[in-house]
Amino acid sequence: MDVRIGGAYNGPAHSANGGYACGVFAGLATFPEATPPAVTLHTPPPLQTDLEVRAGARRTQVWHGERLIATIGPEAGKVEEVEPVTVTEAKQAESAFEGWEGHPFPTCFVCGVERAPSGGFPVTPGKVGGRDLVACTWTPEADDDGEVPIALVWSVLDCPGGWTGDPVREPMVLGRMSAIVHKRPLPGRTHVIVGRLRRRHGRTANVGTALYDETGGLLAKAASVWIALDSGKREEKG
C-alpha cells in the first residue's frame, strides 16, 4: 500500500507540514482505534511522492525507497490537555504573533504568512497576556464531504506548538506527535487553539496543544516533541 501527501500541504518549502503528515500517517495505524497513535518523523516527508507503507501488528512504517520516513505506534504515555482561553483572549494573542517578520517557514500552509488564505489558514498564534500560553483562533472550512478532515485537525494542533518557543531565532521542526481527536470541529465556526511549552532539554522541546470550540468544549489535544535545527540545516530550512 502506498500513501501520498499533496503538494499544497507543505511546512518547509519542499516537505510536508509535520502535523499534516502525522495526521495522514496516524490513519494507517493497525492497532486498536481506542489507543492514541504516536507518529515519529525520522526525516522530512516528501510531497507529491508515493511512499511505501509497511504495516505490522503493533507498528507501521512509512518508507521512501531505502529511507525511513515515519513510524506509527501506540502512545504509551498520557496526552494531557492544555487549559482553554476565551475567543477574545485568543484574538488578542494573535496580535502578538511574531511570524510576520523572520518566519522560518513563511510558505507553511498552516501558519505561513506568504500563503493566500485557504481552509481557515493561516493561523497566527501569539503569547497570551499574563499566562504561559500561546493561542489563536481557527475557522475551518469543510471538505467535499462537508466535514473538516482529521489531518487538518492534526495540522492545527501542530504549528501553534512551534510558536511556544522562539522559532524566528531558533527554528524547530516536529519530531514526534501524538493526538486524540474527541470530536471534529464544525466548519464555519470559530475555534480556539492553545499551546504550552512543557519542558525544554537541549535542542528538544516537549509541547502540549489543544483545540476547543467557541464555548470552551475540548475537541482535540496533542503532545509533541520539537527539535531545534542545527546551524547547517537552518540554511536549508527543511
# chains A, B, ... in the order shown; residues from 1 in each chain; ligands from 1

call {"tool": "closest_atom_pairs", "arguments": {"of": "range 194-232 of chain A", "to": "range 11-24 of chain A", "cutoff": "12 Å", "atoms": "only C-alpha atoms", "output": "CSV"}}
result
residue,atom,partner,partner_atom,distance
A:Thr209,CA,A:Gly19,CA,11.7
A:Ala222,CA,A:Gly19,CA,10.2
A:Ala223,CA,A:Gly19,CA,11.2
A:Ser224,CA,A:Gly19,CA,9.4
A:Val225,CA,A:Gly18,CA,11.0
A:Trp226,CA,A:Gly18,CA,10.1
A:Ile227,CA,A:Gly18,CA,11.8

call {"tool": "closest_residue", "arguments": {"among": "A:Val148, A:Cys159, A:Met172, A:Ala116", "to": "Gly188 in chain A", "atoms": "only C-alpha atoms"}}
result
A:Val148

call {"tool": "residues_around", "arguments": {"residues": "Glu94 in chain A", "least_positions_apart": "5", "cutoff": "9 Å", "atoms": "only C-alpha atoms", "output": "ChimeraX atom specification"}}
result
/A:89,123-128,134-137

call {"tool": "write_last_selection", "arguments": {"atoms": "N, CA, C and O atoms", "output": "JSON list (two decimals), in the first residue's frame"}}
result
[["chain", "number", "residue", "atom", "x", "y", "z"],
["A", 89, "GLU", "N", -9.62, 36.33, 24.23],
["A", 89, "GLU", "CA", -8.20, 36.24, 24.60],
["A", 89, "GLU", "C", -7.37, 35.70, 23.44],
["A", 89, "GLU", "O", -6.24, 36.16, 23.21],
["A", 123, "VAL", "N", -3.07, 30.35, 10.52],
["A", 123, "VAL", "CA", -3.33, 30.71, 11.91],
["A", 123, "VAL", "C", -2.09, 31.45, 12.41],
["A", 123, "VAL", "O", -0.98, 31.22, 11.96],
["A", 124, "THR", "N", -2.32, 32.36, 13.36],
["A", 124, "THR", "CA", -1.23, 33.23, 13.81],
["A", 124, "THR", "C", -1.17, 33.23, 15.34],
["A", 124, "THR", "O", -1.63, 34.18, 15.99],
["A", 125, "PRO", "N", -0.62, 32.19, 15.95],
["A", 125, "PRO", "CA", -0.59, 32.09, 17.41],
["A", 125, "PRO", "C", 0.40, 33.06, 18.05],
["A", 125, "PRO", "O", 1.53, 33.23, 17.59],
["A", 126, "GLY", "N", -0.05, 33.71, 19.11],
["A", 126, "GLY", "CA", 0.80, 34.64, 19.85],
["A", 126, "GLY", "C", 0.67, 34.40, 21.33],
["A", 126, "GLY", "O", -0.18, 33.64, 21.80],
["A", 127, "LYS", "N", 1.52, 35.07, 22.10],
["A", 127, "LYS", "CA", 1.54, 34.91, 23.54],
["A", 127, "LYS", "C", 0.26, 35.47, 24.17],
["A", 127, "LYS", "O", -0.22, 36.54, 23.80],
["A", 128, "VAL", "N", -0.27, 34.73, 25.14],
["A", 128, "VAL", "CA", -1.43, 35.17, 25.90],
["A", 128, "VAL", "C", -0.95, 36.01, 27.07],
["A", 128, "VAL", "O", -0.08, 35.57, 27.84],
["A", 134, "VAL", "N", 0.40, 30.17, 24.35],
["A", 134, "VAL", "CA", 0.13, 30.84, 23.08],
["A", 134, "VAL", "C", -1.28, 30.44, 22.67],
["A", 134, "VAL", "O", -1.80, 29.38, 23.08],
["A", 135, "ALA", "N", -1.92, 31.27, 21.87],
["A", 135, "ALA", "CA", -3.28, 30.96, 21.44],
["A", 135, "ALA", "C", -3.60, 31.68, 20.14],
["A", 135, "ALA", "O", -2.95, 32.68, 19.78],
["A", 136, "CYS", "N", -4.59, 31.17, 19.44],
["A", 136, "CYS", "CA", -5.11, 31.81, 18.24],
["A", 136, "CYS", "C", -6.47, 31.22, 17.94],
["A", 136, "CYS", "O", -6.90, 30.24, 18.58],
["A", 137, "THR", "N", -7.16, 31.79, 16.99],
["A", 137, "THR", "CA", -8.45, 31.27, 16.55],
["A", 137, "THR", "C", -8.29, 30.54, 15.23],
["A", 137, "THR", "O", -7.32, 30.73, 14.50]]

call {"tool": "atom_distance", "arguments": {"atom1": "CA of Leu186 in chain A", "atom2": "CA of Gly161 in chain A"}}
result
21.8 Å

call {"tool": "closest_atom_pairs", "arguments": {"of": "range 91-181 of chain A", "to": "range 44-62 of chain A", "cutoff": "12 Å", "atoms": "only C-alpha atoms", "output": "tab-separated table"}}
result
residue	atom	partner	partner_atom	distance
A:Val173	CA	A:Pro44	CA	9.0
A:Leu174	CA	A:Pro44	CA	9.2
A:Gly175	CA	A:Pro44	CA	9.3
A:Arg176	CA	A:Pro44	CA	11.8

call {"tool": "write_last_selection", "arguments": {"atoms": "N, CA, C and O atoms", "output": "mmCIF file, in the first residue's frame"}}
result
data_model
loop_
_atom_site.group_PDB
_atom_site.id
_atom_site.type_symbol
_atom_site.label_atom_id
_atom_site.label_comp_id
_atom_site.auth_asym_id
_atom_site.auth_seq_id
_atom_site.Cartn_x
_atom_site.Cartn_y
_atom_site.Cartn_z
ATOM 1 N N VAL A 173 11.671 21.876 14.130
ATOM 2 C CA VAL A 173 10.784 21.048 13.316
ATOM 3 C C VAL A 173 10.177 19.970 14.204
ATOM 4 O O VAL A 173 10.728 19.605 15.244
ATOM 5 N N LEU A 174 9.040 19.470 13.780
ATOM 6 C CA LEU A 174 8.348 18.443 14.539
ATOM 7 C C LEU A 174 9.076 17.116 14.429
ATOM 8 O O LEU A 174 9.431 16.671 13.330
ATOM 9 N N GLY A 175 9.280 16.463 15.579
ATOM 10 C CA GLY A 175 9.922 15.161 15.580
ATOM 11 C C GLY A 175 8.986 14.023 15.919
ATOM 12 O O GLY A 175 9.127 12.913 15.405
ATOM 13 N N ARG A 176 8.008 14.296 16.786
ATOM 14 C CA ARG A 176 7.069 13.253 17.211
ATOM 15 C C ARG A 176 5.773 13.915 17.624
ATOM 16 O O ARG A 176 5.777 15.002 18.190
#

call {"tool": "atom_distance", "arguments": {"atom1": "CA of Pro37 in chain A", "atom2": "CA of Ile69 in chain A"}}
result
16.1 Å

call {"tool": "select_by_dssp", "arguments": {"residues": "chain A", "states": "strand (DSSP E)", "output": "PyMOL selection string"}}
result
chain A and resi 2-3+37-41+51-55+60-64+67-74+126-127+134-138+172-181+191-201+204-213+218-228

call {"tool": "atom_distance", "arguments": {"atom1": "CA of Arg67 in chain A", "atom2": "CA of Leu28 in chain A"}}
result
18.2 Å

call {"tool": "residues_around", "arguments": {"residues": "Phe25 in chain A", "least_positions_apart": "5", "cutoff": "8 Å", "atoms": "only C-alpha atoms", "output": "PDB file with C-alpha atoms, in the first residue's frame"}}
result
ATOM      1  CA  VAL A  39       3.928   9.224  14.963  1.00  0.00           C
ATOM      2  CA  VAL A  62       6.443   4.604   6.010  1.00  0.00           C
ATOM      3  CA  ALA A  70       7.964   7.689   9.802  1.00  0.00           C
ATOM      4  CA  ILE A  72       3.449   4.852  13.742  1.00  0.00           C
TER       5      ILE A  72
END

call {"tool": "closest_residue", "arguments": {"among": "A:Glu98, A:Glu170, A:Asp132, A:Glu75", "to": "Cys111 in chain A", "atoms": "only C-alpha atoms"}}
result
A:Glu98

call {"tool": "closest_residue", "arguments": {"among": "A:Val181, A:Leu229, A:Val156, A:Val192", "to": "Val168 in chain A", "atoms": "only C-alpha atoms"}}
result
A:Leu229

call {"tool": "select_by_dssp", "arguments": {"residues": "range 23-229 of chain A", "states": "helix (DSSP H, G or I)", "output": "ChimeraX atom specification"}}
result
/A:23-26,87-94,150-162

call {"tool": "residues_around", "arguments": {"residues": "Pro149 in chain A", "least_positions_apart": "2", "cutoff": "12 Å", "atoms": "only C-alpha atoms", "output": "number ranges by chain"}}
result
A: 20, 23-24, 27, 119, 140-147, 151-156, 181, 183-187

call {"tool": "decode", "arguments": {"residues": "range 216-227 of chain A", "atoms": "all heavy atoms", "output": "PDB file, in the first residue's frame"}}
result
ATOM      1  N   GLY A 216     -15.679  26.635  24.767  1.00  0.00           N
ATOM      2  CA  GLY A 216     -14.690  26.058  25.671  1.00  0.00           C
ATOM      3  C   GLY A 216     -14.739  24.552  25.756  1.00  0.00           C
ATOM      4  O   GLY A 216     -14.091  23.961  26.635  1.00  0.00           O
ATOM      5  N   GLY A 217     -15.482  23.905  24.876  1.00  0.00           N
ATOM      6  CA  GLY A 217     -15.536  22.451  24.855  1.00  0.00           C
ATOM      7  C   GLY A 217     -14.305  21.864  24.170  1.00  0.00           C
ATOM      8  O   GLY A 217     -13.934  22.277  23.070  1.00  0.00           O
ATOM      9  N   LEU A 218     -13.674  20.890  24.817  1.00  0.00           N
ATOM     10  CA  LEU A 218     -12.454  20.282  24.273  1.00  0.00           C
ATOM     11  C   LEU A 218     -12.798  19.371  23.095  1.00  0.00           C
ATOM     12  O   LEU A 218     -13.614  18.456  23.221  1.00  0.00           O
ATOM     13  CB  LEU A 218     -11.749  19.476  25.362  1.00  0.00           C
ATOM     14  CG  LEU A 218     -10.481  18.721  24.934  1.00  0.00           C
ATOM     15  CD1 LEU A 218      -9.373  19.698  24.557  1.00  0.00           C
ATOM     16  CD2 LEU A 218     -10.023  17.783  26.054  1.00  0.00           C
ATOM     17  N   LEU A 219     -12.146  19.613  21.958  1.00  0.00           N
ATOM     18  CA  LEU A 219     -12.350  18.798  20.768  1.00  0.00           C
ATOM     19  C   LEU A 219     -11.180  17.860  20.504  1.00  0.00           C
ATOM     20  O   LEU A 219     -11.380  16.728  20.039  1.00  0.00           O
ATOM     21  CB  LEU A 219     -12.573  19.691  19.542  1.00  0.00           C
ATOM     22  CG  LEU A 219     -13.753  20.663  19.596  1.00  0.00           C
ATOM     23  CD1 LEU A 219     -13.852  21.424  18.286  1.00  0.00           C
ATOM     24  CD2 LEU A 219     -15.045  19.936  19.895  1.00  0.00           C
ATOM     25  N   ALA A 220      -9.963  18.322  20.762  1.00  0.00           N
ATOM     26  CA  ALA A 220      -8.780  17.515  20.461  1.00  0.00           C
ATOM     27  C   ALA A 220      -7.603  18.017  21.278  1.00  0.00           C
ATOM     28  O   ALA A 220      -7.572  19.177  21.707  1.00  0.00           O
ATOM     29  CB  ALA A 220      -8.451  17.578  18.969  1.00  0.00           C
ATOM     30  N   LYS A 221      -6.628  17.134  21.484  1.00  0.00           N
ATOM     31  CA  LYS A 221      -5.427  17.508  22.229  1.00  0.00           C
ATOM     32  C   LYS A 221      -4.251  16.721  21.678  1.00  0.00           C
ATOM     33  O   LYS A 221      -4.421  15.663  21.067  1.00  0.00           O
ATOM     34  CB  LYS A 221      -5.607  17.228  23.722  1.00  0.00           C
ATOM     35  CG  LYS A 221      -5.965  15.784  24.053  1.00  0.00           C
ATOM     36  CD  LYS A 221      -6.260  15.626  25.543  1.00  0.00           C
ATOM     37  CE  LYS A 221      -6.670  14.186  25.879  1.00  0.00           C
ATOM     38  NZ  LYS A 221      -6.934  14.022  27.332  1.00  0.00           N
ATOM     39  N   ALA A 222      -3.050  17.264  21.897  1.00  0.00           N
ATOM     40  CA  ALA A 222      -1.857  16.637  21.340  1.00  0.00           C
ATOM     41  C   ALA A 222      -0.653  16.864  22.232  1.00  0.00           C
ATOM     42  O   ALA A 222      -0.585  17.844  22.978  1.00  0.00           O
ATOM     43  CB  ALA A 222      -1.577  17.186  19.938  1.00  0.00           C
ATOM     44  N   ALA A 223       0.276  15.940  22.140  1.00  0.00           N
ATOM     45  CA  ALA A 223       1.591  16.067  22.769  1.00  0.00           C
ATOM     46  C   ALA A 223       2.628  15.918  21.669  1.00  0.00           C
ATOM     47  O   ALA A 223       2.543  14.998  20.850  1.00  0.00           O
ATOM     48  CB  ALA A 223       1.783  14.993  23.836  1.00  0.00           C
ATOM     49  N   SER A 224       3.583  16.837  21.635  1.00  0.00           N
ATOM     50  CA  SER A 224       4.554  16.865  20.546  1.00  0.00           C
ATOM     51  C   SER A 224       5.964  17.064  21.066  1.00  0.00           C
ATOM     52  O   SER A 224       6.174  17.640  22.129  1.00  0.00           O
ATOM     53  CB  SER A 224       4.218  18.000  19.566  1.00  0.00           C
ATOM     54  OG  SER A 224       2.906  17.880  19.067  1.00  0.00           O
ATOM     55  N   VAL A 225       6.900  16.569  20.281  1.00  0.00           N
ATOM     56  CA  VAL A 225       8.317  16.807  20.532  1.00  0.00           C
ATOM     57  C   VAL A 225       8.869  17.563  19.333  1.00  0.00           C
ATOM     58  O   VAL A 225       8.739  17.110  18.190  1.00  0.00           O
ATOM     59  CB  VAL A 225       9.093  15.493  20.735  1.00  0.00           C
ATOM     60  CG1 VAL A 225      10.580  15.779  20.921  1.00  0.00           C
ATOM     61  CG2 VAL A 225       8.545  14.708  21.930  1.00  0.00           C
ATOM     62  N   TRP A 226       9.466  18.717  19.611  1.00  0.00           N
ATOM     63  CA  TRP A 226      10.074  19.543  18.578  1.00  0.00           C
ATOM     64  C   TRP A 226      11.592  19.515  18.729  1.00  0.00           C
ATOM     65  O   TRP A 226      12.112  19.412  19.849  1.00  0.00           O
ATOM     66  CB  TRP A 226       9.577  20.990  18.695  1.00  0.00           C
ATOM     67  CG  TRP A 226       8.169  21.180  18.254  1.00  0.00           C
ATOM     68  CD1 TRP A 226       7.033  20.798  18.909  1.00  0.00           C
ATOM     69  CD2 TRP A 226       7.726  21.795  17.051  1.00  0.00           C
ATOM     70  NE1 TRP A 226       5.921  21.140  18.195  1.00  0.00           N
ATOM     71  CE2 TRP A 226       6.310  21.761  17.055  1.00  0.00           C
ATOM     72  CE3 TRP A 226       8.392  22.394  15.981  1.00  0.00           C
ATOM     73  CZ2 TRP A 226       5.558  22.289  16.019  1.00  0.00           C
ATOM     74  CZ3 TRP A 226       7.630  22.934  14.941  1.00  0.00           C
ATOM     75  CH2 TRP A 226       6.232  22.877  14.965  1.00  0.00           C
ATOM     76  N   ILE A 227      12.294  19.620  17.617  1.00  0.00           N
ATOM     77  CA  ILE A 227      13.756  19.551  17.620  1.00  0.00           C
ATOM     78  C   ILE A 227      14.313  20.778  16.918  1.00  0.00           C
ATOM     79  O   ILE A 227      13.950  21.074  15.766  1.00  0.00           O
ATOM     80  CB  ILE A 227      14.248  18.279  16.915  1.00  0.00           C
ATOM     81  CG1 ILE A 227      13.632  17.026  17.581  1.00  0.00           C
ATOM     82  CG2 ILE A 227      15.772  18.199  16.947  1.00  0.00           C
ATOM     83  CD1 ILE A 227      13.846  15.766  16.792  1.00  0.00           C
TER      84      ILE A 227
END
